[in-house]
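Scroll down for the structure; my scribbles are underneath it.
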2 protein chains.
Amino acid sequence: MRVFTFDTTLRDGTQGEAVNFTSDDKLLIAHKLDELGIDYIEGGWPGSNLKDKDFFARARELNLKHARLVAFGATRFAKRTVEDDSSIQAILEAATPVVSIFGKSWDLHVDRALGVSEEENLRMIAETVAYLKAQGREVVYDAEHFFDGYRANRDFALRTLEAAKNAGADVLVLCDTNGGTMTGALAAICADVRSHFNGMLGIHVHNDCDLAVANTLAAVEQGFAHVQGCMNGYGERCGNANLTSIIANLELKLGHTTIGRERLANLTAAARYIAELANLPMRNDQPYVGRSAFAHKGGVHVSAVLKDAATYEHVSPKTVGNRQRVLLSDLSGRGSILYKLKQHGLEERLDDPARRELLDRIKHMEFQGYELEAAEGTFELLVREALHPGLQLFEVVNYEAITRPGGTTATVTLRANDGVHSATAAGSGPVNSLDLALRKCLATLYPAIAEVRLTDYKVRVLDAKKGTAARVRVLVEWSDHRRTWATVGVSENVIEASWRALIDALRLELMRLGENDPSIEKVVEDYCWGV
Amino acid sequence: MRVFTFDTTLRDGTQGEAVNFTSDDKLLIAHKLDELGIDYIEGGWPGSNLKDKDFFARARELNLKHARLVAFGATRFAKRTVEDDSSIQAILEAATPVVSIFGKSWDLHVDRALGVSEEENLRMIAETVAYLKAQGREVVYDAEHFFDGYRANRDFALRTLEAAKNAGADVLVLCDTNGGTMTGALAAICADVRSHFNGMLGIHVHNDCDLAVANTLAAVEQGFAHVQGCMNGYGERCGNANLTSIIANLELKLGHTTIGRERLANLTAAARYIAELANLPMRNDQPYVGRSAFAHKGGVHVSAVLKDAATYEHVSPKTVGNRQRVLLSDLSGRGSILYKLKQHGLEERLDDPARRELLDRIKHMEFQGYELEAAEGTFELLVREALHPGLQLFEVVNYEAITRPGGTTATVTLRANDGVHSATAAGSGPVNSLDLALRKCLATLYPAIAEVRLTDYKVRVLDAKKGTAARVRVLVEWSDHRRTWATVGVSENVIEASWRALIDALRLELMRLGENDPSIEKVVEDYCWGV
């Protein structure tokens, strides 16, 4: 069956506690969702806030290739005409081909929240839908709280759907707004509604019981061919149904077509891109697209997976654009580093003591709290240093970062082949200042270093219980416009940890500039990203 | 139905990429799970690593009140006797009343991973179970990869269960080890197994398709009364079934009994305690127990919830020990601060300009990136300062933190009523050093300040794209042995941001020491923790 995907990351998703998008973010996300093959993109509620109004004004230049843009709003206010309702007029001004209108299905809400009669509620639904249809819009009718409403008063709930349907709604969407419905009960209600209504039915559920994906699939099983959700499951309280998981399950497990198998390979990249714009860390354990989704840690699992991936992988990670990873948490892991070095012909370039020293350094660093998998730059540096044991591009003589009210000044002194270099810089913090001073120092010797930019900076406290005396891990991301890499530093002193990551990143870049060795890049890629 | 809960946080949970427990952590968690009313606690795999062996040796002093401790292991090695199998002997040495043994159900694994004949596999299952039964253990048999095995070769998969059952296994547990089974297919297989086997059946699933909770409930619907999972859904790849959600759904939605309604009120606290020991941030959007699970942000939702909580809450948060929260993301939020001040009789103590100034300060701070809800200490300080506009306990003259290789030294100079005070301290980082110097300085004036301890320290980069020049938010947690509170600082300079949080925390404690005002504490509690 062709199942239509309706993404509401930009509307319902922004109700999530930590989710905030600028208009620029929203335009970039809409573009990405279109590229992914999503059918409907709900952009916002133009009648509710200025930011969403602004988004729709700018969205006209989006030039979507596949998706249809949707503006969201409520049925008209009680005792007002649709023409007089500024919120309905705002929806029309958004000038989208599709509108999504929510109305009340639950008598509790009609009585308590709206304070109108049931008959007036039905008129509000019918008149709003009919008016928007008359204006040439495709109308998606969201039956808010449908499942709670059905349990409280089945007859009234069905009559609200009838009102929307008779007024010309193109899709009737049953919403589990509070997310409290169990899968079995939801499936039975969907079956009952299906038996009363022909045409396109849709499902919109929340994850308050950890069942949102299952509930969406249960509705599809009842012939519902329109599924609403948010990328990465963003949304109010516990989030909306995770559209990322729903798409993968429908395509790979249930034989339905959504974005198509070819675009499915972009799913992981799209999910991570949106997390990046939301400035939210991607959940590592997120099904299908998380960094750990195909990561194997247990010794038994690792050895079986290396023999045959199907033994511990339910689908091939490539189908969703993800990668298999083998975690190095024990000795078998260090065995696999050697295996990898060998595979790429690097092991022969290391003699016995050098090999042992490399493994010991890695072991010691992991013990201190380094995470080399997340810091492929640091790992690459270790391998390069093992291959070139004598090479010393520069030596740190001293560094100093002084913070006083108003700012930080840093001074860095290095010794290189041609003597001692020193530089001072004032930046917006100790790490920024050290970064500036360090590159100023090196740039006279190695002008190419000016290309390198620090692009992200993360701090994690390793033993939280110790307060400010705890060890911290600093992860720094870099780019030289051709590629990005990360380096890591660990110390009880956040400045010291950052300094180590800074130094490693620049030392690595200098080694790379001096030697183009594809086999090193290959072993790093294998080690940090996949088997 | 009485459904038995089997927690494997300490065994399968530790296969999660970021999950690492010390033996101490494991003992504390076992104690907490027992207190929560969990029936079985799987403590580890004593045959696989020394840490788990150590845990079981120490676990004898645990003195569990309700739960039964479980040691995990595999069926005997191929072509060996159970008596010769060191791994089986390690299970017995763990001396637990219950053992959990996994065997192969999938012909692919028997052939590829084990490399033995199907008949030998059946003997391995039967002999291991029979031997452990003869040693007086309750035996839980985990049929690894049962669902994949059933699809590949139903007859063989059922025969492995039969082998375990005939050898005396007390529970047969069907495992969806790769987490790839859809809910409908899983329910049908469970029904088929139920029709072949009497006695206790169990379910153990992974979350690779975002369906683990739904799949567990589907098995319970087929009469399976033993459910396995991990607290907070920890576990390999995408995690095990989230036992926290399962317990809440079974108790509150499906009429079953697990830990009982009374202990259910401890669910949130237990989940957060375990996250704390795992040193993993609790997912805010986690169903039932997350901080956002009952948080309302949208204006429509907030006003409806304030009228009647049932309008947007599927259960009362109190049933699981969680709280309702109203998020202050817009002007309506600031309205609710006033409402709260009024409610506690504080508004009358503020004149018009003072009230306006308080709201403006809050608005300005939120705009800068402060999050006052997470920092009740900072909010309390703002309210106290508004109530006592003239009060100035000390003034910062200067501070300085100098980091060089080897460590940081900080100097703090304050002006108080009796003159200027200065102190210098060397700590393990700039924040630690500033904290030490600041308290040294204040302790001469206010000896009670020595009681205050910094207990946690978190840094978040607010605009990641700007690298080290990005604004950061520092959240610091404090305790004075009677209560804990958090303060927050925002700046482009991580030291400056930390300094602000340090100063606010101590200023607050001094104000508290000078004045015991329960109405202030009440308004802070309402604002930061609930409606």
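Scheme for the structure tokens: letters A, B, ... for chains in order shown; per-chain residue numbers from 1; ligand numbers from 1 in order shown.
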Using only C-alpha atoms, what does the table of chain A residues within 6 Å of chain B look like, with each row giving the shortest atom pair and its distance in Å to one decimal, sorted by chain and ascending number, as a tab-separated table?
```
residue	atom	partner	partner_atom	distance
A:Ala113	CA	B:Ala304	CA	5.6
A:Asn178	CA	B:Tyr312	CA	5.5
A:Gly180	CA	B:His314	CA	5.0
A:Asp208	CA	B:Pro287	CA	4.9
A:Cys209	CA	B:Pro287	CA	5.7
A:Asp210	CA	B:Pro287	CA	5.9
A:Leu211	CA	B:Ala214	CA	5.7
A:Ala214	CA	B:Leu211	CA	5.7
A:Arg237	CA	B:Ala293	CA	4.5
A:Cys238	CA	B:Asp285	CA	4.1
A:Asp285	CA	B:Cys238	CA	4.1
A:Gln286	CA	B:Cys238	CA	5.8
A:Pro287	CA	B:Asp208	CA	4.9
A:Ser292	CA	B:Arg237	CA	4.9
A:Ala293	CA	B:Arg237	CA	4.5
A:Phe294	CA	B:Arg237	CA	5.7
A:Ala295	CA	B:Arg237	CA	5.5
A:Ala304	CA	B:Ala113	CA	5.6
A:Tyr312	CA	B:Asn178	CA	5.5
A:Glu313	CA	B:Asn178	CA	5.8
A:His314	CA	B:Gly180	CA	4.9
A:Tyr399	CA	B:Arg404	CA	5.7
A:Glu400	CA	B:Arg404	CA	4.7
A:Ala401	CA	B:Thr403	CA	5.2
A:Ile402	CA	B:Ile402	CA	4.4
A:Thr403	CA	B:Ala401	CA	5.2
A:Arg404	CA	B:Glu400	CA	4.7
A:Ser428	CA	B:Asn493	CA	5.4
A:Gly429	CA	B:Asn493	CA	4.1
A:Asn432	CA	B:Thr468	CA	4.8
A:Leu454	CA	B:Gly467	CA	5.6
A:Thr455	CA	B:Gly467	CA	4.6
A:Asp456	CA	B:Gly467	CA	4.4
A:Tyr457	CA	B:Gly467	CA	5.5
A:Ala464	CA	B:Asp456	CA	5.6
A:Lys465	CA	B:Thr455	CA	6.0
A:Gly467	CA	B:Asp456	CA	4.4
A:Thr468	CA	B:Asn432	CA	4.8
A:Ala469	CA	B:Ser428	CA	5.7
A:Glu492	CA	B:Ser428	CA	5.8
A:Asn493	CA	B:Gly429	CA	4.1
```
Distance query Phe224 in chain A at most 8 Å, only C-alpha atoms, self and fewer than 5 positions along chain excluded, as a VMD selection string:
chain A and resid 3 200 to 203 219
Any idea what the distance is between CA of Thr378 in chain B and CA of Asn266 in chain B?
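Value for the CA of Thr378 in chain B-CA of Asn266 in chain B distance: 28.1 Å.
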Contacts of range 92-102 of chain A at 8 Å (only C-alpha atoms; same-chain gap of 5+ positions) as a ChimeraX atom specification:
/A:46,53,56-57,68-75,129,132,136-144
How would the residues just picked look written out with N, CA, C and O atoms as a PDB file, in the first residue's frame?
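And here is the file that came out, again05.pdb:
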```pdb
ATOM      1  N   PRO A  46       0.027  29.636  11.551  1.00  0.00           N
ATOM      2  CA  PRO A  46       0.207  31.058  11.261  1.00  0.00           C
ATOM      3  C   PRO A  46      -0.692  31.955  12.107  1.00  0.00           C
ATOM      4  O   PRO A  46      -0.349  33.114  12.330  1.00  0.00           O
ATOM      5  N   LYS A  53       4.085  32.840  10.948  1.00  0.00           N
ATOM      6  CA  LYS A  53       3.585  33.682   9.870  1.00  0.00           C
ATOM      7  C   LYS A  53       4.752  34.051   8.944  1.00  0.00           C
ATOM      8  O   LYS A  53       4.652  33.964   7.725  1.00  0.00           O
ATOM      9  N   PHE A  56       5.884  31.161   6.677  1.00  0.00           N
ATOM     10  CA  PHE A  56       5.086  30.906   5.467  1.00  0.00           C
ATOM     11  C   PHE A  56       5.333  31.973   4.405  1.00  0.00           C
ATOM     12  O   PHE A  56       5.325  31.686   3.207  1.00  0.00           O
ATOM     13  N   ALA A  57       5.557  33.205   4.847  1.00  0.00           N
ATOM     14  CA  ALA A  57       5.858  34.255   3.873  1.00  0.00           C
ATOM     15  C   ALA A  57       7.150  33.920   3.127  1.00  0.00           C
ATOM     16  O   ALA A  57       7.236  34.035   1.902  1.00  0.00           O
ATOM     17  N   ARG A  68       4.080  18.752  -0.258  1.00  0.00           N
ATOM     18  CA  ARG A  68       3.094  19.832  -0.255  1.00  0.00           C
ATOM     19  C   ARG A  68       3.153  20.475   1.127  1.00  0.00           C
ATOM     20  O   ARG A  68       3.102  19.801   2.149  1.00  0.00           O
ATOM     21  N   LEU A  69       3.193  21.793   1.143  1.00  0.00           N
ATOM     22  CA  LEU A  69       3.299  22.523   2.398  1.00  0.00           C
ATOM     23  C   LEU A  69       1.919  22.668   3.048  1.00  0.00           C
ATOM     24  O   LEU A  69       0.920  22.856   2.366  1.00  0.00           O
ATOM     25  N   VAL A  70       1.896  22.573   4.372  1.00  0.00           N
ATOM     26  CA  VAL A  70       0.626  22.588   5.110  1.00  0.00           C
ATOM     27  C   VAL A  70       0.656  23.682   6.172  1.00  0.00           C
ATOM     28  O   VAL A  70       1.630  23.806   6.916  1.00  0.00           O
ATOM     29  N   ALA A  71      -0.428  24.468   6.245  1.00  0.00           N
ATOM     30  CA  ALA A  71      -0.605  25.421   7.353  1.00  0.00           C
ATOM     31  C   ALA A  71      -1.628  24.843   8.315  1.00  0.00           C
ATOM     32  O   ALA A  71      -2.636  24.260   7.889  1.00  0.00           O
ATOM     33  N   PHE A  72      -1.370  25.005   9.591  1.00  0.00           N
ATOM     34  CA  PHE A  72      -2.209  24.395  10.633  1.00  0.00           C
ATOM     35  C   PHE A  72      -3.066  25.452  11.334  1.00  0.00           C
ATOM     36  O   PHE A  72      -2.666  26.613  11.441  1.00  0.00           O
ATOM     37  N   GLY A  73      -4.229  25.037  11.796  1.00  0.00           N
ATOM     38  CA  GLY A  73      -5.051  25.953  12.580  1.00  0.00           C
ATOM     39  C   GLY A  73      -6.231  25.228  13.199  1.00  0.00           C
ATOM     40  O   GLY A  73      -6.439  24.032  12.975  1.00  0.00           O
ATOM     41  N   ALA A  74      -7.001  25.959  13.994  1.00  0.00           N
ATOM     42  CA  ALA A  74      -8.172  25.391  14.672  1.00  0.00           C
ATOM     43  C   ALA A  74      -9.424  25.679  13.856  1.00  0.00           C
ATOM     44  O   ALA A  74      -9.423  26.541  12.966  1.00  0.00           O
ATOM     45  N   THR A  75     -10.492  24.981  14.172  1.00  0.00           N
ATOM     46  CA  THR A  75     -11.804  25.359  13.626  1.00  0.00           C
ATOM     47  C   THR A  75     -12.112  26.778  14.122  1.00  0.00           C
ATOM     48  O   THR A  75     -11.510  27.252  15.078  1.00  0.00           O
ATOM     49  N   VAL A 129     -14.317  23.583   7.595  1.00  0.00           N
ATOM     50  CA  VAL A 129     -13.848  22.710   6.517  1.00  0.00           C
ATOM     51  C   VAL A 129     -14.445  23.150   5.174  1.00  0.00           C
ATOM     52  O   VAL A 129     -13.727  23.289   4.175  1.00  0.00           O
ATOM     53  N   LEU A 132     -12.777  26.349   3.811  1.00  0.00           N
ATOM     54  CA  LEU A 132     -11.417  26.164   3.291  1.00  0.00           C
ATOM     55  C   LEU A 132     -11.434  25.368   1.988  1.00  0.00           C
ATOM     56  O   LEU A 132     -10.634  25.621   1.082  1.00  0.00           O
ATOM     57  N   GLY A 136     -10.363  26.350  -2.250  1.00  0.00           N
ATOM     58  CA  GLY A 136      -9.472  25.542  -3.095  1.00  0.00           C
ATOM     59  C   GLY A 136      -8.368  24.806  -2.369  1.00  0.00           C
ATOM     60  O   GLY A 136      -7.397  24.361  -2.984  1.00  0.00           O
ATOM     61  N   ARG A 137      -8.500  24.659  -1.053  1.00  0.00           N
ATOM     62  CA  ARG A 137      -7.446  23.976  -0.317  1.00  0.00           C
ATOM     63  C   ARG A 137      -7.721  22.469  -0.182  1.00  0.00           C
ATOM     64  O   ARG A 137      -8.890  22.059  -0.096  1.00  0.00           O
ATOM     65  N   GLU A 138      -6.658  21.670  -0.140  1.00  0.00           N
ATOM     66  CA  GLU A 138      -6.787  20.284   0.309  1.00  0.00           C
ATOM     67  C   GLU A 138      -6.901  20.366   1.828  1.00  0.00           C
ATOM     68  O   GLU A 138      -6.076  21.021   2.489  1.00  0.00           O
ATOM     69  N   VAL A 139      -7.920  19.738   2.415  1.00  0.00           N
ATOM     70  CA  VAL A 139      -8.150  19.885   3.856  1.00  0.00           C
ATOM     71  C   VAL A 139      -7.923  18.562   4.600  1.00  0.00           C
ATOM     72  O   VAL A 139      -8.571  17.554   4.316  1.00  0.00           O
ATOM     73  N   VAL A 140      -6.953  18.613   5.520  1.00  0.00           N
ATOM     74  CA  VAL A 140      -6.685  17.480   6.410  1.00  0.00           C
ATOM     75  C   VAL A 140      -7.385  17.805   7.721  1.00  0.00           C
ATOM     76  O   VAL A 140      -7.084  18.830   8.344  1.00  0.00           O
ATOM     77  N   TYR A 141      -8.358  16.980   8.119  1.00  0.00           N
ATOM     78  CA  TYR A 141      -9.081  17.265   9.367  1.00  0.00           C
ATOM     79  C   TYR A 141      -8.498  16.430  10.507  1.00  0.00           C
ATOM     80  O   TYR A 141      -8.528  15.199  10.479  1.00  0.00           O
ATOM     81  N   ASP A 142      -7.949  17.122  11.521  1.00  0.00           N
ATOM     82  CA  ASP A 142      -7.376  16.452  12.693  1.00  0.00           C
ATOM     83  C   ASP A 142      -8.429  16.349  13.788  1.00  0.00           C
ATOM     84  O   ASP A 142      -8.819  17.363  14.367  1.00  0.00           O
ATOM     85  N   ALA A 143      -8.873  15.146  14.074  1.00  0.00           N
ATOM     86  CA  ALA A 143      -9.858  14.943  15.147  1.00  0.00           C
ATOM     87  C   ALA A 143      -9.105  14.827  16.466  1.00  0.00           C
ATOM     88  O   ALA A 143      -8.668  13.745  16.868  1.00  0.00           O
ATOM     89  N   GLU A 144      -8.933  15.970  17.128  1.00  0.00           N
ATOM     90  CA  GLU A 144      -8.148  16.038  18.358  1.00  0.00           C
ATOM     91  C   GLU A 144      -8.796  15.152  19.432  1.00  0.00           C
ATOM     92  O   GLU A 144     -10.027  15.134  19.561  1.00  0.00           O
TER      93      GLU A 144
END
```
